[in-house]
Amino acid sequence: MKFLYFETDGDATSGICVAADKVVGIDCAANDAIIVYFDDLGGTNTHDGKVTLNVTAGKTKEVAQSITEAINSGGSGTFIVVADDTNSEYLNSDITSCGAIVLAA
């Protein structure tokens, strides 16, 4: 099983690790932002969570493709850092920061 890690604020306390099979979509929300949606995190809403990623203007498609390729790559038991603001570690160099992490109850 693969897991995706997201952290914002740069303080190592505002993060989430989600099983990759919970991703239900990636929305190119703006020219410089994408939203990754998750389902079935234990809540009752249609989408139980979402993470906004800030990206280089005009690079939303490339970032979405990088996330999709990481999820679909071979192997299991993989921990994939998508965005870690504390350590400035990003899956794709066009991810500039992790925006809001929203979990619905």
# chains A, B, ... in the order shown; residues from 1 in each chain; ligands from 1
$ residues_around --residues "segment 17-25 of chain A" --least-positions-apart "4" --cutoff "12 Å" --atoms "only C-alpha atoms" --output "ChimeraX atom specification"
/A:1-7,29,34-42,46-51,64-65,67-73,76-84,101,103
$ closest_residue --among "A:Cys98, A:Leu91, A:Ile16, A:Ala104" --to "Thr52 of chain A" --atoms "only C-alpha atoms"
A:Cys98
$ atom_distance --atom1 "atom CA of Ala100 of chain A" --atom2 "atom CA of Lys61 of chain A"
19.5 Å
$ closest_residue --among "A:Asn87, A:Ile95, A:Gly74, A:Val102" --to "Asn54 of chain A" --atoms "only C-alpha atoms"
A:Ile95
$ closest_residue --among "A:Tyr90, A:Asp85, A:Ala30, A:Ser14" --to "Gly58 of chain A" --atoms "only C-alpha atoms"
A:Ala30
$ select_by_dssp --residues "segment 38-100 of chain A" --states "strand (DSSP E or B)" --output "PyMOL selection string"
chain A and resi 38+49-55+79-84+89-90+95-100
$ write_last_selection --atoms "C-alpha atoms" --output "compact mmCIF listing (two decimals), in the first residue's frame"
# COMPACT_ATOMS: atom_id res chain seq x y z
CA PHE A 38 -9.80 12.19 -0.73
CA GLY A 49 -10.61 15.76 2.77
CA LYS A 50 -8.64 17.89 0.41
CA VAL A 51 -5.18 19.38 0.14
CA THR A 52 -4.39 22.47 -1.87
CA LEU A 53 -0.96 22.60 -3.45
CA ASN A 54 0.49 25.87 -4.69
CA VAL A 55 2.40 25.39 -7.92
CA PHE A 79 5.82 6.51 1.51
CA ILE A 80 5.50 9.35 -1.01
CA VAL A 81 6.27 12.89 0.14
CA VAL A 82 4.13 15.12 -2.06
CA ALA A 83 4.70 18.37 -0.16
CA ASP A 84 6.67 18.96 3.04
CA GLU A 89 10.76 18.56 0.01
CA TYR A 90 8.38 18.29 -2.93
CA ILE A 95 5.19 22.51 -6.23
CA THR A 96 5.98 25.74 -4.40
CA SER A 97 4.19 24.99 -1.11
CA CYS A 98 1.45 23.03 0.55
CA GLY A 99 -1.61 25.22 1.03
CA ALA A 100 -4.62 24.34 3.15
$ select_by_dssp --residues "segment 37-90 of chain A" --states "helix (DSSP H, G or I)" --output "ChimeraX atom specification"
/A:60-72
$ write_last_selection --atoms "N, CA and C atoms" --output "short mmCIF file (atom, residue, chain, number, x, y, z; two decimals), in the first residue's frame"
data_model
loop_
_atom_site.label_atom_id
_atom_site.label_comp_id
_atom_site.auth_asym_id
_atom_site.auth_seq_id
_atom_site.Cartn_x
_atom_site.Cartn_y
_atom_site.Cartn_z
N THR A 60 0.13 23.26 -13.59
CA THR A 60 -0.82 22.39 -12.88
C THR A 60 -0.89 20.99 -13.48
N LYS A 61 -0.92 20.91 -14.80
CA LYS A 61 -1.01 19.60 -15.46
C LYS A 61 0.21 18.75 -15.13
N GLU A 62 1.39 19.33 -15.18
CA GLU A 62 2.62 18.60 -14.91
C GLU A 62 2.66 18.08 -13.47
N VAL A 63 2.20 18.90 -12.53
CA VAL A 63 2.19 18.48 -11.13
C VAL A 63 1.17 17.37 -10.92
N ALA A 64 -0.03 17.52 -11.48
CA ALA A 64 -1.05 16.48 -11.37
C ALA A 64 -0.53 15.17 -11.97
N GLN A 65 0.16 15.25 -13.08
CA GLN A 65 0.72 14.06 -13.72
C GLN A 65 1.77 13.42 -12.84
N SER A 66 2.62 14.21 -12.18
CA SER A 66 3.65 13.67 -11.28
C SER A 66 3.03 12.89 -10.12
N ILE A 67 1.96 13.43 -9.55
CA ILE A 67 1.28 12.76 -8.45
C ILE A 67 0.68 11.45 -8.92
N THR A 68 0.02 11.49 -10.07
CA THR A 68 -0.60 10.29 -10.63
C THR A 68 0.45 9.22 -10.94
N GLU A 69 1.56 9.61 -11.52
CA GLU A 69 2.63 8.66 -11.82
C GLU A 69 3.22 8.05 -10.55
N ALA A 70 3.37 8.84 -9.51
CA ALA A 70 3.91 8.33 -8.24
C ALA A 70 2.96 7.30 -7.63
N ILE A 71 1.66 7.58 -7.70
CA ILE A 71 0.67 6.65 -7.17
C ILE A 71 0.68 5.35 -7.97
N ASN A 72 0.80 5.45 -9.28
CA ASN A 72 0.69 4.28 -10.15
C ASN A 72 2.02 3.56 -10.41
#
$ closest_residue --among "A:Gly15, A:Asn92, A:Ala57, A:Asp9" --to "Asp32 of chain A" --atoms "only C-alpha atoms"
A:Ala57
